[in-house]
Structure formats: structure tokens, C-alpha cells
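Quick look at my_file_34.txt (compact mmCIF, C-alpha atoms and all ligand atoms):
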# COMPACT_ATOMS: atom_id res chain seq x y z
CA MET S 1 269.11 128.44 221.80
CA LYS S 2 265.50 127.74 220.93
CA PHE S 3 264.04 124.26 221.04
CA ILE S 4 261.38 124.00 218.35
CA PHE S 5 259.12 120.96 218.59
CA ALA S 6 258.32 119.37 215.23
CA ASP S 7 254.65 118.51 215.58
CA SER S 8 252.77 115.83 213.70
CA LEU S 9 249.38 115.96 215.44
CA ASP S 10 250.92 114.80 218.71
CA TYR S 11 247.96 115.19 220.99
CA VAL S 12 246.46 112.95 223.69
CA ASP S 13 242.95 112.44 225.01
CA PRO S 14 242.63 114.13 228.44
CA ALA S 15 239.56 111.97 229.15
CA PHE S 16 241.29 108.65 228.41
CA ASP S 17 240.41 106.05 231.06
CA PHE S 18 243.49 103.99 231.93
CA ILE S 19 241.62 101.33 233.86
CA ALA S 20 238.94 100.73 231.20
CA ASP S 21 241.65 101.37 228.60
CA ARG S 22 239.50 103.52 226.37
CA SER S 23 238.44 107.02 225.34
CA PRO S 24 234.84 108.25 225.67
CA ALA S 25 232.73 106.86 222.81
CA ASP S 26 231.92 110.31 221.43
CA ARG S 27 235.55 111.50 221.35
CA GLN S 28 236.54 113.59 218.34
CA PRO S 29 240.35 113.41 218.26
CA TYR S 30 241.30 116.86 216.96
CA TRP S 31 238.66 118.72 218.99
CA ASP S 32 238.73 116.78 222.25
CA ASP S 33 242.40 115.88 222.42
CA ALA S 34 245.06 118.16 223.88
CA TYR S 35 248.40 119.24 222.43
CA PRO S 36 251.35 119.05 224.87
CA HIS S 37 250.97 122.76 225.72
CA GLU S 38 247.28 122.28 226.44
CA ILE S 39 247.46 119.24 228.67
CA LEU S 40 250.37 120.72 230.63
CA GLY S 41 249.01 124.27 230.73
CA TYR S 42 252.33 125.63 229.43
CA ALA S 43 254.54 124.97 226.43
CA PRO S 44 257.50 122.59 226.95
CA TYR S 45 259.17 124.15 223.86
CA ASP S 46 260.03 127.56 222.45
CA GLY S 47 258.15 127.05 219.24
CA VAL S 48 256.51 124.52 216.96
CA LEU S 49 257.51 123.45 213.47
CA VAL S 50 254.91 122.28 210.98
CA SER S 51 255.97 120.63 207.76
CA ARG S 52 253.91 121.17 204.65
CA GLY S 53 254.50 117.48 203.97
CA ILE S 54 252.76 116.54 207.24
CA ILE S 55 249.70 118.60 206.32
CA GLY S 56 249.66 117.10 202.82
CA ASP S 57 247.52 117.88 199.80
CA HIS S 58 246.56 116.31 196.47
CA ARG S 59 250.27 115.98 195.57
CA VAL S 60 251.76 114.75 198.84
CA LYS S 61 250.05 112.36 201.23
CA GLY S 62 250.28 113.97 204.66
CA LYS S 63 249.20 112.98 208.13
CA TYR S 64 246.34 115.45 208.43
CA THR S 65 242.88 114.44 207.28
CA ALA S 66 241.48 116.44 204.36
CA SER S 67 239.28 118.47 206.73
CA GLN S 68 242.18 119.14 209.11
CA ALA S 69 244.30 120.36 206.16
CA ARG S 70 241.41 122.59 205.05
CA ARG S 71 241.06 123.99 208.55
CA PHE S 72 244.81 124.67 208.76
CA HIS S 73 244.66 126.77 205.58
CA LEU S 74 241.46 128.47 206.70
CA VAL S 75 242.30 129.53 210.27
CA GLY S 76 246.12 129.54 210.08
CA ALA S 77 248.82 127.73 211.98
CA ARG S 78 248.47 129.47 215.34
CA LYS S 79 244.76 128.87 215.74
CA PHE S 80 244.98 125.34 214.35
CA LEU S 81 247.69 124.49 216.91
CA ARG S 82 245.66 126.28 219.61
CA LEU S 83 248.54 128.63 220.31
CA ASP S 84 246.31 131.67 219.72
CA THR S 85 246.03 132.76 223.36
CA PRO S 86 248.09 135.60 224.93
CA GLN S 87 250.00 132.98 226.98
CA PHE S 88 251.46 131.45 223.80
CA ALA S 89 251.72 134.63 221.73
CA LYS S 90 255.52 134.63 221.89
CA LEU S 91 255.91 131.07 220.65
CA ASP S 92 257.49 130.84 217.20
CA ILE S 93 255.84 128.83 214.45
CA PHE S 94 258.35 127.52 211.93
CA GLY S 95 257.36 126.05 208.60
CA ASP S 96 259.25 123.89 206.18
CA CYS S 97 258.38 121.98 203.04
CA GLY S 98 258.91 118.50 204.47
CA ALA S 99 261.47 117.64 201.81
CA PHE S 100 261.54 114.00 202.95
CA THR S 101 258.00 113.53 201.58
CA TYR S 102 259.06 114.28 197.99
CA VAL S 103 262.60 112.95 198.08
CA GLU S 104 261.87 110.55 195.18
CA GLU S 105 260.66 113.34 192.89
CA GLU S 106 262.92 114.98 190.37
CA ARG S 107 261.91 118.44 191.57
CA PRO S 108 260.05 119.67 194.68
CA PRO S 109 256.28 119.80 194.06
CA TYR S 110 256.00 123.38 195.43
CA THR S 111 257.15 126.60 193.83
CA PRO S 112 258.92 129.26 195.92
CA ALA S 113 255.97 131.66 195.34
CA GLU S 114 253.45 129.04 196.51
CA MET S 115 255.40 128.31 199.71
CA ALA S 116 255.91 131.99 200.51
CA GLU S 117 252.16 132.57 200.13
CA PHE S 118 251.40 129.53 202.28
CA TYR S 119 253.64 130.70 205.16
CA ASP S 120 252.30 134.22 204.96
CA GLU S 121 248.63 133.31 204.77
CA CYS S 122 248.89 130.71 207.52
CA GLY S 123 250.69 133.10 209.87
CA PHE S 124 254.03 131.32 210.30
CA THR S 125 256.72 133.37 212.06
CA HIS S 126 259.53 131.65 210.11
CA GLY S 127 259.46 129.87 206.75
CA CYS S 128 262.10 127.70 205.08
CA SER S 129 262.93 127.95 201.39
CA VAL S 130 261.98 125.08 199.06
CA ASP S 131 264.81 122.55 199.38
CA HIS S 132 265.57 119.19 197.84
CA ILE S 133 267.28 116.67 200.13
CA ILE S 134 270.75 115.38 199.28
CA PHE S 135 271.34 112.00 200.85
CA ASP S 136 274.94 111.22 199.88
CA PHE S 137 277.50 112.52 202.34
CA ASN S 138 281.29 112.42 202.42
CA PRO S 139 282.83 114.11 205.48
CA ALA S 140 286.30 114.34 203.91
CA LEU S 141 285.43 116.51 200.90
CA THR S 142 286.30 120.21 200.91
CA GLY S 143 284.96 122.99 198.70
CA LEU S 144 282.75 121.77 195.87
CA ALA S 145 284.83 118.62 195.31
CA GLY S 146 283.01 115.34 194.64
CA GLY S 147 279.24 114.96 194.63
CA THR S 148 277.16 112.82 192.27
CA ASP S 149 275.30 114.44 189.37
CA ASP S 150 272.08 113.98 191.33
CA ALA S 151 273.56 115.69 194.42
CA LYS S 152 274.82 118.62 192.34
CA ASN S 153 271.46 118.93 190.61
CA ARG S 154 269.61 119.05 193.98
CA PHE S 155 272.19 121.54 195.28
CA GLU S 156 271.42 123.91 192.38
CA ILE S 157 267.63 123.43 192.66
CA THR S 158 267.79 124.23 196.40
CA LEU S 159 269.79 127.43 195.85
CA GLU S 160 267.72 128.57 192.87
CA ASN S 161 264.54 128.07 194.90
CA ALA S 162 266.03 129.91 197.88
CA ASP S 163 266.78 132.92 195.70
CA GLY S 164 263.26 132.93 194.27
CA PHE S 165 261.70 132.34 197.68
CA ARG S 166 263.42 135.33 199.27
CA ARG S 167 262.42 137.61 196.39
CA GLU S 168 258.81 136.44 196.63
CA ALA S 169 258.74 136.98 200.40
CA LEU S 170 260.13 140.51 200.02
CA ALA S 171 257.81 141.36 197.14
CA MET S 172 254.69 140.37 199.07
CA GLY S 173 255.86 142.14 202.25
CA ALA S 174 255.65 138.81 204.04
CA SER S 175 255.20 138.83 207.81
CA PHE S 176 257.43 135.78 208.36
CA THR S 177 261.23 135.60 208.51
CA PRO S 178 262.50 133.77 205.42
CA MET S 179 265.12 131.11 206.13
CA GLY S 180 267.48 129.81 203.46
CA VAL S 181 267.93 126.04 203.53
CA VAL S 182 271.43 124.57 203.20
CA GLN S 183 271.76 121.25 201.39
CA GLY S 184 275.07 119.65 200.39
CA TRP S 185 276.97 116.37 200.08
CA SER S 186 279.96 117.39 202.23
CA PRO S 187 281.00 120.01 204.80
CA GLY S 188 282.61 121.96 201.94
CA SER S 189 279.53 122.01 199.70
CA MET S 190 277.31 122.96 202.66
CA ALA S 191 279.66 125.83 203.51
CA GLU S 192 279.47 126.98 199.88
CA ALA S 193 275.66 126.78 199.93
CA ALA S 194 275.60 128.81 203.16
CA ARG S 195 277.95 131.41 201.68
CA ARG S 196 275.69 131.80 198.62
CA LEU S 197 272.54 132.07 200.78
CA VAL S 198 274.14 134.87 202.80
CA ALA S 199 275.12 136.59 199.52
CA MET S 200 271.43 136.44 198.49
CA GLY S 201 270.58 138.36 201.66
CA TYR S 202 269.55 135.62 204.11
CA THR S 203 270.41 136.27 207.77
CA TYR S 204 268.88 133.03 209.13
CA LEU S 205 269.91 129.69 207.62
CA ALA S 206 268.36 126.26 208.19
CA ILE S 207 270.66 123.30 207.71
CA GLY S 208 268.93 120.34 206.11
CA GLY S 209 269.89 116.73 205.54
CA MET S 210 271.22 116.28 209.11
CA VAL S 211 268.88 113.45 210.10
CA PRO S 212 271.09 110.48 209.09
CA LEU S 213 274.37 112.10 210.22
CA LYS S 214 276.25 111.29 213.43
CA SER S 215 277.21 114.04 215.87
CA PRO S 216 280.89 114.33 214.73
CA GLU S 217 279.71 114.67 211.09
CA ILE S 218 277.18 117.35 212.01
CA LYS S 219 279.96 119.21 213.85
CA LEU S 220 282.19 119.10 210.75
CA CYS S 221 279.38 120.64 208.71
CA LEU S 222 278.65 123.30 211.33
CA GLN S 223 282.32 124.22 211.57
CA ALA S 224 282.67 124.55 207.79
CA ILE S 225 279.45 126.60 207.58
CA ARG S 226 280.43 128.86 210.51
CA ASP S 227 283.80 129.52 208.85
CA ALA S 228 282.05 130.65 205.65
CA ILE S 229 279.41 133.03 207.04
CA PRO S 230 279.29 136.15 209.24
CA ALA S 231 279.05 135.58 213.00
CA ALA S 232 275.72 137.43 213.06
CA THR S 233 274.06 134.90 210.71
CA ARG S 234 271.70 132.73 212.72
CA LEU S 235 271.70 128.96 212.25
CA HIS S 236 268.88 126.46 212.68
CA ILE S 237 269.34 122.68 212.49
CA LEU S 238 266.41 121.03 210.74
CA GLY S 239 265.34 117.66 212.13
CA PHE S 240 268.04 117.38 214.78
CA ALA S 241 267.88 113.68 215.61
CA LYS S 242 270.91 113.89 217.94
CA ALA S 243 269.10 116.33 220.21
CA ASP S 244 270.31 114.53 223.36
CA ASP S 245 273.89 115.49 222.44
CA ILE S 246 272.98 119.16 222.24
CA ASP S 247 275.44 120.20 224.97
CA GLY S 248 278.28 119.18 222.64
CA PHE S 249 277.15 121.75 220.06
CA HIS S 250 277.57 124.95 222.02
CA GLY S 251 280.61 126.24 220.19
CA TYR S 252 278.75 126.59 216.88
CA ASP S 253 276.35 129.27 218.09
CA ILE S 254 273.15 127.50 217.05
CA ALA S 255 270.18 129.86 217.33
CA SER S 256 267.56 127.13 217.14
CA PHE S 257 266.91 123.53 216.21
CA ASP S 258 263.84 121.42 215.74
CA THR S 259 263.39 117.87 216.80
CA THR S 260 260.69 115.46 217.74
CA SER S 261 263.07 112.97 219.29
CA PRO S 262 262.18 113.31 223.03
CA LEU S 263 258.59 112.48 222.11
CA ILE S 264 259.34 109.76 219.57
CA ARG S 265 261.90 108.02 221.77
CA ALA S 266 259.14 107.34 224.29
CA PHE S 267 257.82 104.63 221.97
CA LYS S 268 260.38 104.09 219.21
CA ASP S 269 263.54 103.49 221.22
CA ALA S 270 264.29 99.97 222.41
CA LYS S 271 265.60 101.08 225.82
CA GLN S 272 265.59 104.84 226.43
CA ASN S 273 261.91 105.68 226.73
CA TYR S 274 261.51 107.83 229.82
CA TYR S 275 263.74 110.82 230.59
CA LEU S 276 264.79 112.22 233.96
CA PRO S 277 267.43 114.81 234.74
CA GLY S 278 270.72 113.01 235.46
CA GLU S 279 274.02 113.88 237.10
CA GLY S 280 275.24 117.39 236.28
CA LEU S 281 274.08 118.31 232.80
CA ALA S 282 273.25 114.80 231.62
CA LEU S 283 269.91 113.12 231.03
CA ARG S 284 268.97 109.77 232.52
CA TYR S 285 266.91 107.21 230.67
CA PHE S 286 264.60 104.42 231.75
CA THR S 287 263.06 101.55 229.81
CA SER S 288 259.29 101.60 229.73
CA ILE S 289 257.45 98.40 230.54
CA ARG S 290 255.80 96.82 227.54
CA VAL S 291 252.33 95.47 228.13
CA PRO S 292 250.81 95.47 224.63
CA GLN S 293 247.15 94.78 223.96
CA ALA S 294 246.92 91.01 223.57
CA ILE S 295 244.13 91.14 221.01
CA GLU S 296 245.69 93.93 218.96
CA ASN S 297 249.41 93.19 218.93
CA PRO S 298 250.36 91.69 215.51
CA LYS S 299 253.17 89.52 216.92
CA LEU S 300 250.96 88.02 219.63
CA GLN S 301 248.17 87.48 217.13
CA ARG S 302 250.58 85.62 214.83
CA GLY S 303 251.41 83.35 217.77
CA VAL S 304 247.72 82.66 218.27
CA LYS S 305 247.20 81.89 214.57
CA LYS S 306 250.17 79.50 214.57
CA GLY S 307 248.68 77.75 217.57
CA SER S 308 251.57 78.63 219.92
CA PHE S 309 249.25 80.48 222.31
CA ARG S 310 245.59 80.62 223.17
CA ALA S 311 244.06 84.11 222.90
CA GLU S 312 242.29 83.74 226.29
CA GLU S 313 245.56 82.83 227.98
CA LEU S 314 247.30 85.92 226.55
CA VAL S 315 244.43 88.13 227.74
CA ARG S 316 244.75 86.59 231.21
CA LEU S 317 248.52 87.19 231.33
CA GLU S 318 248.06 90.73 230.07
CA ALA S 319 245.56 91.52 232.84
CA LEU S 320 247.83 89.91 235.42
CA ALA S 321 250.77 92.06 234.30
CA LEU S 322 248.73 95.28 234.35
CA ASN S 323 247.10 94.53 237.71
CA SER S 324 250.45 93.64 239.25
CA LEU S 325 252.02 96.87 238.04
CA ARG S 326 249.17 98.93 239.52
CA ALA S 327 249.30 97.01 242.80
CA PHE S 328 253.08 97.54 242.89
CA ASP S 329 252.57 101.28 242.39
CA ARG S 330 250.19 101.33 245.37
CA GLY S 331 252.73 99.42 247.46
CA GLU S 332 250.52 96.31 247.54
CA ALA S 333 252.73 93.96 245.48
CA ASP S 334 256.44 93.32 245.80
CA LEU S 335 258.97 93.96 243.05
CA ASP S 336 259.94 90.34 242.29
CA GLU S 337 256.36 89.16 241.95
CA THR S 338 255.49 92.14 239.72
CA LEU S 339 258.56 91.65 237.55
CA HIS S 340 257.78 87.94 237.24
CA ASN S 341 254.22 88.62 236.07
CA VAL S 342 255.46 91.17 233.54
CA LEU S 343 258.08 88.75 232.20
CA VAL S 344 255.59 85.91 231.85
CA TYR S 345 253.63 88.15 229.51
CA SER S 346 256.82 89.42 227.82
CA ALA S 347 258.03 85.95 226.80
CA PRO S 348 255.46 85.43 224.00
CA LEU S 349 256.44 88.85 222.70
CA VAL S 350 260.24 88.60 223.00
CA GLU S 351 260.85 84.92 222.29
CA GLU S 352 257.49 83.90 220.81
CA LYS S 353 257.43 81.06 223.32
CA PRO S 354 255.66 80.44 226.62
CA TYR S 355 257.67 81.76 229.58
CA GLU S 356 258.36 78.25 230.93
CA ASP S 357 260.15 77.36 227.65
CA CYS S 358 262.46 80.38 227.50
CA LYS S 359 262.86 81.78 231.00
CA SER S 360 266.67 81.56 230.79
CA SER S 361 266.87 83.30 227.39
CA VAL S 362 269.45 86.07 227.09
CA ALA S 363 266.98 88.56 225.60
CA LEU S 364 264.52 88.02 228.44
CA ALA S 365 267.28 88.32 231.05
CA LYS S 366 268.43 91.63 229.57
CA LEU S 367 264.88 92.92 229.55
CA ALA S 368 264.41 91.80 233.15
CA GLU S 369 267.53 93.72 234.14
CA ARG S 370 266.24 96.96 232.59
CA TYR S 371 262.73 96.47 233.99
CA ARG S 372 264.18 95.85 237.44
CA ILE S 373 265.92 99.24 237.33
CA THR S 374 262.69 100.96 236.25
CA LEU S 375 260.66 99.28 238.98
CA THR S 376 263.30 99.83 241.66
CA GLU S 377 263.75 103.52 240.92
CA GLN S 378 260.06 104.26 240.14
CA PRO S 379 261.02 107.32 238.08
CA TRP S 380 257.39 108.35 237.54
CA LYS S 381 257.27 109.15 241.27
CA GLN S 382 260.34 111.39 240.92
CA CYS S 383 258.69 113.69 238.37
CA ALA S 384 256.35 116.51 239.36
CA CYS S 385 254.99 117.19 235.85
CA LYS S 386 251.24 117.08 235.35
CA ILE S 387 251.44 114.00 233.15
CA CYS S 388 253.22 111.91 235.79
CA ARG S 389 251.06 113.21 238.64
CA ASP S 390 247.87 112.27 236.77
CA ALA S 391 248.90 109.06 235.01
CA ALA S 392 251.16 107.60 237.76
CA ILE S 393 252.59 104.21 236.72
CA ASP S 394 250.58 104.28 233.47
CA VAL S 395 253.09 106.82 232.11
CA ILE S 396 255.81 104.14 232.15
CA ILE S 397 253.64 101.43 230.57
CA PHE S 398 254.37 101.00 226.86
CA ARG S 399 250.91 100.44 225.44
CA GLY S 400 248.82 102.44 222.96
CA SER S 401 249.07 106.06 221.93
CA ASN S 402 247.53 107.61 225.05
CA ARG S 403 250.18 106.19 227.37
CA ASN S 404 253.07 106.36 224.90
CA LYS S 405 252.48 109.95 223.84
CA ARG S 406 251.92 111.05 227.44
CA ARG S 407 255.36 109.62 228.22
CA GLY S 408 256.64 111.54 225.19
CA ILE S 409 255.12 114.77 226.51
CA HIS S 410 256.74 114.15 229.90
CA ASN S 411 260.05 113.74 228.01
CA LEU S 412 259.49 117.12 226.34
CA VAL S 413 259.16 118.70 229.80
CA VAL S 414 262.43 117.13 231.01
CA TYR S 415 264.18 117.92 227.74
CA HIS S 416 263.09 121.57 227.71
CA ASP S 417 264.37 122.04 231.27
CA HIS S 418 267.60 120.36 230.16
CA ILE S 419 268.03 122.88 227.30
CA GLU S 420 267.37 125.80 229.62
CA LYS S 421 270.01 124.56 232.07
CA LEU S 422 272.53 124.29 229.24
CA ASP S 423 271.89 127.87 228.16
CA LEU S 424 272.39 128.97 231.76
CA LYS S 425 275.70 127.16 231.76
CA ARG S 426 276.78 129.00 228.66
CA ALA S 427 275.74 132.34 230.17
CA VAL S 428 277.76 131.57 233.31
CA GLU S 429 280.83 130.68 231.27
CA ARG S 430 280.56 133.84 229.25
CA THR S 431 280.28 136.02 232.36
CA ASP S 432 283.28 134.30 233.94
CA HIS S 433 285.21 134.81 230.77
CA LEU S 434 284.22 138.46 230.67
CA SER S 435 285.06 139.08 234.31
CA GLN S 436 288.48 137.50 233.80
CA ARG S 437 289.10 139.83 230.89
CA LEU S 438 287.93 142.82 232.93
CA CYS S 439 290.19 141.80 235.82
CA GLY S 440 293.07 141.45 233.37
CA ALA S 441 292.42 144.94 231.98
CA GLU S 442 292.38 146.46 235.47
CA ARG S 443 295.71 144.97 236.25
ZN ZN S 501 256.74 113.75 234.23
What would the structure in this file look like if it were written as C-alpha cells?
Ligand SMILES: [Zn+2]
Amino acid sequence: MKFIFADSLDYVDPAFDFIADRSPADRQPYWDDAYPHEILGYAPYDGVLVSRGIIGDHRVKGKYTASQARRFHLVGARKFLRLDTPQFAKLDIFGDCGAFTYVEEERPPYTPAEMAEFYDECGFTHGCSVDHIIFDFNPALTGLAGGTDDAKNRFEITLENADGFRREALAMGASFTPMGVVQGWSPGSMAEAARRLVAMGYTYLAIGGMVPLKSPEIKLCLQAIRDAIPAATRLHILGFAKADDIDGFHGYDIASFDTTSPLIRAFKDAKQNYYLPGEGLALRYFTSIRVPQAIENPKLQRGVKKGSFRAEELVRLEALALNSLRAFDRGEADLDETLHNVLVYSAPLVEEKPYEDCKSSVALAKLAERYRITLTEQPWKQCACKICRDAAIDVIIFRGSNRNKRRGIHNLVVYHDHIEKLDLKRAVERTDHLSQRLCGAER
């Protein structure tokens, strides 16, 4: 099972100064910053996925600047992502259309021929057909039952495009593996879409529209799809937001999935920001410690404007929290004092009140409980990855992109190891199973 990391320019500045809290003045982000595989010196994933929607163009507003988009087209995906060294030669580069960026449109803005040319010219190893997201979902429907007119229309557009896309790829002798995208409004309609894609000649399918679904719903879809297609057909899950539940998906023979969740969770989850390997095959999560920039945080600035806080006081509390955390990491401050200083600065953020006015608040008490676990266990000292060795306690501080994305990159390392362990488990089970059968035959 391959873990494909969905990139959206997730790089960090190797020269970032944690104490001064800034990058060198002459930093040029794309050129000076490092992708996860560069800062670590190895790739914590089996491949990278780039969405056309993230690159953007005159039709779709992407995340790349105009010159970055130009460079991507000019030098290709591998060189742009700096995966063009022998060390990374085996890494896959998946492409998709980024259907979420044009979900409001009546039809996708790209033609199958245009996308096939794009994947081929930019050197992708795998390219997804031009799909149109279906958002309605009913887990109980079988076959082609139900479905709004809009859903049925998108279903037909997706299949029509897939047919055209595969023909275009074959006609141009494309160097990438074409993948047919499954869209549907129910397990039954997805199974039917998969069946039709296989009939067109696809041997690798990518299942779309999974992002809002819960794990049991995704399993229903996978089961229905698996029942409708040959065992040899490979399956990819696009945008697998439930990536932490991956060990529950072994029975569906998933060849690959892409996700960005271990990285994103580092700064978008309320509690589970820092990963460590847990008991057995589980992951363990820690809450990162929020010390936002007093003069940049919108909530704190609102408090200043309303007259609830003085800016100088917030800056003082911020420095006290940061200095305490660093002293704690060096063994020069005790846990209670450090936690207290962090909470004093957290109060304006959590309750929008001075600490003295809300120190018994439930929200603050819950936060204190989670912070206490983080500070007691010091997980950043339990990880040997390069990020944690270099950044020390700064990896657990929730503050600005350079700390938050570093924590995300650490999570990718832990997550990738987690996936590899799971595959090992499956291999062991299979061998056991096989040896039992062999023993049975001997008898
Ligand atoms: Zn680490």
C-alpha cells in the first residue's frame, strides 16, 4: 500500500531562527525553503500528488504564484518538486484535476485531451481522468437507484471524460499510467462507475468524493466497488481524510491512497497535533502548545482594539510563555510554573479575558489537562527524526508556519513508519495463512 502525500507547497525554511522568530531577510521561499524530503534527507512518503487546481491558471485560482506555475509547466513535476535526483527516482508523482476547485462549475474547465497532455508533458507517473465531484451520498442505495439530476449529470460527465482521457493517453503514447476516477452518490452507483471504467480498459481506479465520508461509509463503497471489478484492478483513494484509520481498510486491497492529513493535523486539529507511535499498531497524539504571535493574532488584536488588553502586556506574556517553555526544555524551569505561564497567555486567546478573571473556566482547565500531558511526556524528546532533533521544544509550539509545518513533517515521518508496519503485519498474516494451508495439504 503506497502512501502518496498530497503536496500544496508544503516547504519550510531550513534557516529559520526560532529565537529571533524570523527567516533571513533575503529568503526566497521556493528556492531557499525545503520540501519534507529535502529537510529530512529522505522521503517520508512513497509518492507525491499534485493537483492541477493547486497549480492554478487563468481559469482556476491555485496556490502557486504565476511564476511557480510557469516553472512547473516548463521543467516538469519531478524537477519542480526537487525529486529529480537518483535517490528519489522511484517516487511516484500522481496528478489529478483538483475537482474541488471547480465544484461550482457546470462542467470541468479542462478537457480530457488537455489533461492528458499536461500529465505527459510534466512527467507525471500517474494521471487521473477529468472528474466532477458528486457531493450527495446515500449509503443505503444499491445499483443506480436514487441520485439527484445533478448527481446523475456529474456521473455521466465523469465517465464520458474518463473514456476520452484514456483514448487520448493511448493515442499520444503517454508515459504515465492513466487512472479512471470513480464518482457516485451511493455505494451502488460507485460500483457501477467502477465496472464501466474497467470495461473501458482501466486497470487502476481512483475513488473520488471520499473526503466528507466517515470510515464505515467509505468501507461500504469499497466493498461494493471490489465486488464489481476484477481482483487485479488496483484501487487508489483520492483525498483520504481518514488516513489514521488505515489499518481498518486492509481487506479491500487498496494499492495506494493520498492524503495530507498528518501534515494538516499539526495545525488544524484542536487536540491531535503531534504524532508518536502508540501501543501495538496504534498512533498516539499530543496537543501542541499554542503561543501565537501577540501582534499578529487576529483574536488577540481584537481584544486590544476593544480595550480588554494592552498590546505591551500581551507581548510580555507571550515572551514569558516562550522563555518558560525553553527553560523547561533545558531542565531549568519546573512543569507547574511553565504550565502556569503558558495558561496566563492562553486565557486572552481561549476566554478573551485576563487569566485572573477566568482561571477556573472549563475550557482553560481542559486545555491545561492536555498541555500537562504534553509537558510531562515531552514527546519531542522521544523522537529521533531530524526535525525534532534540530527544533527541540519548538516543534511542539503552535506558532507560525515554520514551527507548524515542521511538526507536520515530523508527523509524516511517524505516519509513514506506521503504514510500513501495517504492511508488514499484512505480510505476516498472509504467510501464516499460507503455511497453515501448506500444513493442511501435507496432512
Ligand atoms: Zn520527530
Would you mind telling me which residue in S:Lys359, S:His418, S:Arg407, S:His58 lies nearest to S:Val344 when using all atoms listed in the file? S:Lys359
Mind pulling up the distance from atom CA of S:Gly408 to atom CA of S:Ser261? 8.8 Å
What residues have any atom no more than 10 Å from ligand ZN 501 (chain S) when counting all atoms listed in the file, and can you list them as number ranges by chain? S: 274-276, 379-392, 395-396, 406-414
Restricted to C-alpha atoms, what would the selected residues look like written as a PDB file, keeping the file's coordinate frame?
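What follows is the written file result_0.pdb:
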ATOM      1  CA  TYR S 274     261.510 107.830 229.820  1.00  0.00           C
ATOM      2  CA  TYR S 275     263.740 110.820 230.590  1.00  0.00           C
ATOM      3  CA  LEU S 276     264.790 112.220 233.960  1.00  0.00           C
ATOM      4  CA  PRO S 379     261.020 107.320 238.080  1.00  0.00           C
ATOM      5  CA  TRP S 380     257.390 108.350 237.540  1.00  0.00           C
ATOM      6  CA  LYS S 381     257.270 109.150 241.270  1.00  0.00           C
ATOM      7  CA  GLN S 382     260.340 111.390 240.920  1.00  0.00           C
ATOM      8  CA  CYS S 383     258.690 113.690 238.370  1.00  0.00           C
ATOM      9  CA  ALA S 384     256.350 116.510 239.360  1.00  0.00           C
ATOM     10  CA  CYS S 385     254.990 117.190 235.850  1.00  0.00           C
ATOM     11  CA  LYS S 386     251.240 117.080 235.350  1.00  0.00           C
ATOM     12  CA  ILE S 387     251.440 114.000 233.150  1.00  0.00           C
ATOM     13  CA  CYS S 388     253.220 111.910 235.790  1.00  0.00           C
ATOM     14  CA  ARG S 389     251.060 113.210 238.640  1.00  0.00           C
ATOM     15  CA  ASP S 390     247.870 112.270 236.770  1.00  0.00           C
ATOM     16  CA  ALA S 391     248.900 109.060 235.010  1.00  0.00           C
ATOM     17  CA  ALA S 392     251.160 107.600 237.760  1.00  0.00           C
ATOM     18  CA  VAL S 395     253.090 106.820 232.110  1.00  0.00           C
ATOM     19  CA  ILE S 396     255.810 104.140 232.150  1.00  0.00           C
ATOM     20  CA  ARG S 406     251.920 111.050 227.440  1.00  0.00           C
ATOM     21  CA  ARG S 407     255.360 109.620 228.220  1.00  0.00           C
ATOM     22  CA  GLY S 408     256.640 111.540 225.190  1.00  0.00           C
ATOM     23  CA  ILE S 409     255.120 114.770 226.510  1.00  0.00           C
ATOM     24  CA  HIS S 410     256.740 114.150 229.900  1.00  0.00           C
ATOM     25  CA  ASN S 411     260.050 113.740 228.010  1.00  0.00           C
ATOM     26  CA  LEU S 412     259.490 117.120 226.340  1.00  0.00           C
ATOM     27  CA  VAL S 413     259.160 118.700 229.800  1.00  0.00           C
ATOM     28  CA  VAL S 414     262.430 117.130 231.010  1.00  0.00           C
TER      29      VAL S 414
END
Which residues are near S:Glu106? Cut-off 12 Å, all atoms listed in the file, ignore same chain within fewer than 5 positions. Put them as JSON, numbers by chain. {"S": [99, 131, 132, 133, 134, 150, 151, 153, 154, 157]}
Point-to-point distance from atom CA of S:Ala113 to atom CA of S:Ser129, Å rounded to tenths: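 A separation of 9.9 Å between them.
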Suppose you want the space between atom CA of S:Pro354 and atom CA of S:Val291; what is it in Å?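 We find that atom CA of S:Pro354 and atom CA of S:Val291 lie 15.5 Å from each other.
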List the spatial neighbours of S:Val315 as a list in words - criterion: any atom at most 12 Å away, only C-alpha atoms, same-chain residues fewer than 2 positions off excluded.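 Those residues are Val291, Pro292, Gln293, Ala294, Ile295, Glu296, Asn297, Leu300, Gln301, Val304, Phe309, Arg310, Ala311, Glu312, Glu313, Leu317, Glu318, Ala319, Leu320, Ala321, Leu322, Tyr345 and Pro348 of chain S.
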Could you check which residues have any atom within 12 Å of (258.0, 90.7, 241.5), counting only C-alpha atoms with coordinates taken straight from the file, and then list them as an NGL selection string? :S and (320-321 or 324-325 or 327-329 or 331-344 or 368 or 371-372 or 375-376)
Could you give me, as a list in words, the residues within 10 Å of S:Asp21, counting all atoms listed in the file and dropping anything in the same chain fewer than 5 positions from it?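 With the cut-off at 10 Å, the set is Phe16, Gln293, Arg399, Gly400, Asn402 and Arg403 of chain S.
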Which residue out of S:Leu9, S:Ile19, S:Phe240, S:Gly184 has the minimum interatomic distance to S:Gln68 when only C-alpha atoms are used? S:Leu9
Which is closest to S:Tyr355 among S:Phe72, S:Leu205, S:Ser308, S:Val198, if we use all atoms listed in the file?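 Ranked by minimum distance to S:Tyr355, first place goes to S:Ser308.
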Let me make sure I understand: among S:Met1, S:Ala15, S:Leu74, S:Val60, which one has the smallest atom-to-atom distance to S:Leu422 if we use only C-alpha atoms?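 That would be S:Met1, the residue with the smallest distance to S:Leu422.
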How close does each residue of stretch 58-127 of chain S get to stretch 25-48 of chain S, giving the shortest atom pair and distance in Å to one decimal for every residue with an atom at most 7 Å away, counting only C-alpha atoms, sorted by chain and residue number, as a tab-separated table?
residue	atom	partner	partner_atom	distance
S:Leu91	CA	S:Gly47	CA	4.8
S:Asp92	CA	S:Gly47	CA	4.4
S:Ile93	CA	S:Val48	CA	5.0
S:Phe94	CA	S:Val48	CA	6.1
Which one of S:Phe176, S:Trp185, S:Phe100, S:Tyr202 sits closest to S:Thr125 if you count all atoms listed in the file?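 Of S:Phe176, S:Trp185, S:Phe100, S:Tyr202, the one nearest S:Thr125, counting all atoms listed in the file, is S:Phe176.
Closest approach to S:Tyr119 from the set S:Ala145, S:Met172, S:Leu83, S:Ala140 is made by S:Met172, with distances taken over only C-alpha atoms.
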